[in-house]
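Enquirer: Before I ask anything, here is the structure I am working with.
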Amino acid sequence: MIHQVLKYLGYPDGTVPDAAVMNQIEKACQEVAQASNFQYIYAQYEACPDFMKDIPAYQHYLSGADGLLLCATTLGVQVDRLLKRHQMNDMTYAVIFDAVASAYLEQQADLFERKIPFKHKGFRFCPGYGGTALTDSRQIAAILHAEKIGITFLDSGLMVPLKSMVGIVRLGGGSRKNCADCVAFPNCAFRLKGTTCWK
């Protein structure tokens, strides 16, 4: 997870922060883990929801799939409260805490998804990838009734808790992440830096 945290903080691959930064990262890792109330909800579908059917990025991702999962996950409100507190008291640490919380959410979601009893699951594709609309998160959340795990939306479209994530997981059609097949490949900021978002 530390590797992903460093990516979020903008460190190039192979760069090791100084001891002071690493100590703050380790502190944030412990704090996030203790405060987190990780929850995950999902449902299986044979075909994608109607609002995805005419959007090329979703169709590209789901090409050859046998079905899909709609999913939503969150770390809960306490992590958000701590982030706001740190933003008021120590902005440098708050930036580190925010990166750690994002990486922790992804790590926990990945671990959960590995246990879901379907073979050949694809990577989690979230609204915003490949030019898809962030507002699609609200539609996926509504289908799942994600309020059951505490996820709601502000009028602005921002998810609450902030450390929440909504997406889809392809079933079948291969399960490996492959940059060449990614809808974001042509304009990927990670690729332009000579790295990837996922390893």
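Identifiers in this document derive from the order of the structure tokens: chains are assigned A, B, ..., residues are numbered from 1 separately in each chain, and ligands are numbered from 1 in order of occurrence.
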Extract the full set of strand (DSSP E or B) residues from chain A according to DSSP on the backbone, and format it as a VMD selection string.
Expert: chain A and resid 39 to 45 67 to 74 121 to 125 127 to 130 152 to 153 159 to 160 164 to 171
Enquirer: Do you know which residues are at most 9 Å from A:Phe51 counting only C-alpha atoms, after dropping those on the same chain fewer than 4 positions away, and could you put them as number ranges by chain?
Expert: A: 55, 136, 139
Enquirer: Between atom CA of A:Ala109 and atom CA of A:Glu46, what is the spacing in Å?
Expert: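 One can read the atom CA of A:Glu46 to atom CA of A:Ala109 distance as 21.8 Å.
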Enquirer: Kindly indicate which residue among A:Gln44, A:Thr132, A:Thr92, A:Ser36 lies nearest to A:Asp80, using only C-alpha atoms for the distances.
Expert: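 Nearest candidate to A:Asp80 out of A:Gln44, A:Thr132, A:Thr92, A:Ser36: A:Ser36.
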Enquirer: Per residue of stretch 128-147 of chain A within 8 Å of stretch 57-74 of chain A, note the shortest atom pair and the distance in Å to one decimal, counting only C-alpha atoms, and order the rows by chain and increasing residue number, as JSON lines.
Expert:
```
{"residue": "A:Gly130", "atom": "CA", "partner": "A:Ala57", "partner_atom": "CA", "distance": 6.0}
{"residue": "A:Gly131", "atom": "CA", "partner": "A:Ala57", "partner_atom": "CA", "distance": 7.4}
{"residue": "A:Thr132", "atom": "CA", "partner": "A:Ala57", "partner_atom": "CA", "distance": 6.7}
{"residue": "A:Ile140", "atom": "CA", "partner": "A:Leu70", "partner_atom": "CA", "distance": 6.8}
{"residue": "A:Ala141", "atom": "CA", "partner": "A:Ala72", "partner_atom": "CA", "distance": 6.7}
{"residue": "A:Leu144", "atom": "CA", "partner": "A:Leu70", "partner_atom": "CA", "distance": 7.3}
{"residue": "A:Ala146", "atom": "CA", "partner": "A:Ala72", "partner_atom": "CA", "distance": 6.5}
```
Enquirer: What does the structure give for the distance between atom CA of A:Gln34 and atom CA of A:Leu9, in Å to one decimal?
Expert: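 For atom CA of A:Gln34 relative to atom CA of A:Leu9, the distance reads 21.6 Å.
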Enquirer: Compare A:Asp13, A:Asp98, A:Asp50, A:Asp90 by their minimum atom-to-atom distance to A:Ala28, counting only C-alpha atoms, and give me the closest one.
Expert: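 The closest residue to A:Ala28 is A:Asp98.
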Enquirer: Among stretch 79-129 of chain A, which residues carry a DSSP assignment of helix (DSSP H, G or I), reported as a PyMOL selection string?
Expert: chain A and resi 79-89+91-115
Enquirer: Determine the nearest neighbour of A:Gly167 from the options A:Cys188, A:Cys126, A:Ile25, A:Ile116, counting only C-alpha atoms.
Expert: A:Cys126
Enquirer: Of the candidates A:Pro17, A:Lys163, A:Asp54, A:Tyr40, which one gets nearest to A:Ala99 if we count only C-alpha atoms?
Expert: A:Lys163
Enquirer: Give me the residues within 12 Å of A:Gly76 as a compact mmCIF listing (two decimals) with C-alpha atoms, in the first residue's frame, counting only C-alpha atoms and dropping any in the same chain fewer than 2 places off.
Expert:
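In the end it all went to selection-v9.txt:
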```txt
# COMPACT_ATOMS: atom_id res chain seq x y z
CA VAL A 32 -6.77 5.32 9.06
CA ALA A 33 -6.90 1.61 9.87
CA GLN A 34 -8.14 2.31 13.39
CA ALA A 35 -10.78 4.83 12.29
CA SER A 36 -12.04 2.91 9.28
CA ASN A 37 -15.40 1.19 9.22
CA PHE A 38 -14.94 -0.52 5.85
CA GLN A 39 -18.15 -1.66 4.18
CA TYR A 40 -18.82 -3.05 0.70
CA THR A 73 -17.60 0.74 -0.78
CA THR A 74 -16.71 3.20 1.97
CA GLN A 78 -14.86 8.80 11.07
CA VAL A 79 -12.06 8.89 8.49
CA ASP A 80 -13.64 11.99 6.94
CA ARG A 81 -13.89 13.65 10.35
CA LEU A 82 -10.23 13.02 11.06
CA LEU A 83 -9.24 14.37 7.64
CA ALA A 101 -7.02 6.92 3.20
CA LEU A 105 -9.88 2.19 0.57
CA GLU A 147 -27.36 4.28 1.56
CA LYS A 148 -27.50 0.89 3.31
CA ILE A 149 -23.77 1.27 3.94
CA GLY A 150 -23.99 4.99 4.63
CA ILE A 151 -23.15 6.43 1.19
CA THR A 152 -25.14 9.52 0.22
CA MET A 159 -20.11 11.43 -2.26
CA VAL A 160 -20.42 11.32 1.51
CA PRO A 161 -18.38 9.87 3.17
CA LEU A 162 -15.65 11.34 0.99
CA LYS A 163 -13.61 8.14 1.20
CA SER A 164 -16.18 6.12 -0.72
CA MET A 165 -16.02 4.52 -4.13
```
Enquirer: Return the single residue from A:Pro127, A:Val166, A:Phe112, A:Gly173 that is closest to A:Met52, with distances computed using only C-alpha atoms.
Expert: A:Pro127
Enquirer: If we count only C-alpha atoms, what is near A:Arg124 at a cut-off of 8 Å, once residues fewer than 6 positions away on the same chain are taken out, given as a PyMOL selection string?
Expert: chain A and resi 167-170
Enquirer: Would you export the selected residues with C-alpha atoms as an mmCIF file, in the first residue's frame, please?
Expert:
```
data_model
loop_
_atom_site.group_PDB
_atom_site.id
_atom_site.type_symbol
_atom_site.label_atom_id
_atom_site.label_comp_id
_atom_site.auth_asym_id
_atom_site.auth_seq_id
_atom_site.Cartn_x
_atom_site.Cartn_y
_atom_site.Cartn_z
ATOM 1 C CA GLY A 167 -17.870 1.215 -9.753
ATOM 2 C CA ILE A 168 -18.313 -1.882 -11.871
ATOM 3 C CA VAL A 169 -16.351 -5.139 -12.067
ATOM 4 C CA ARG A 170 -16.347 -7.179 -15.277
#
```
Enquirer: Would you kindly return, as a PyMOL selection string, each protein, DNA or RNA residue with an atom no farther than 12 Å from any atom of A:Ser156, considering only C-alpha atoms and excluding same-chain residues fewer than 6 positions away?
Expert: chain A and resi 134-135+138
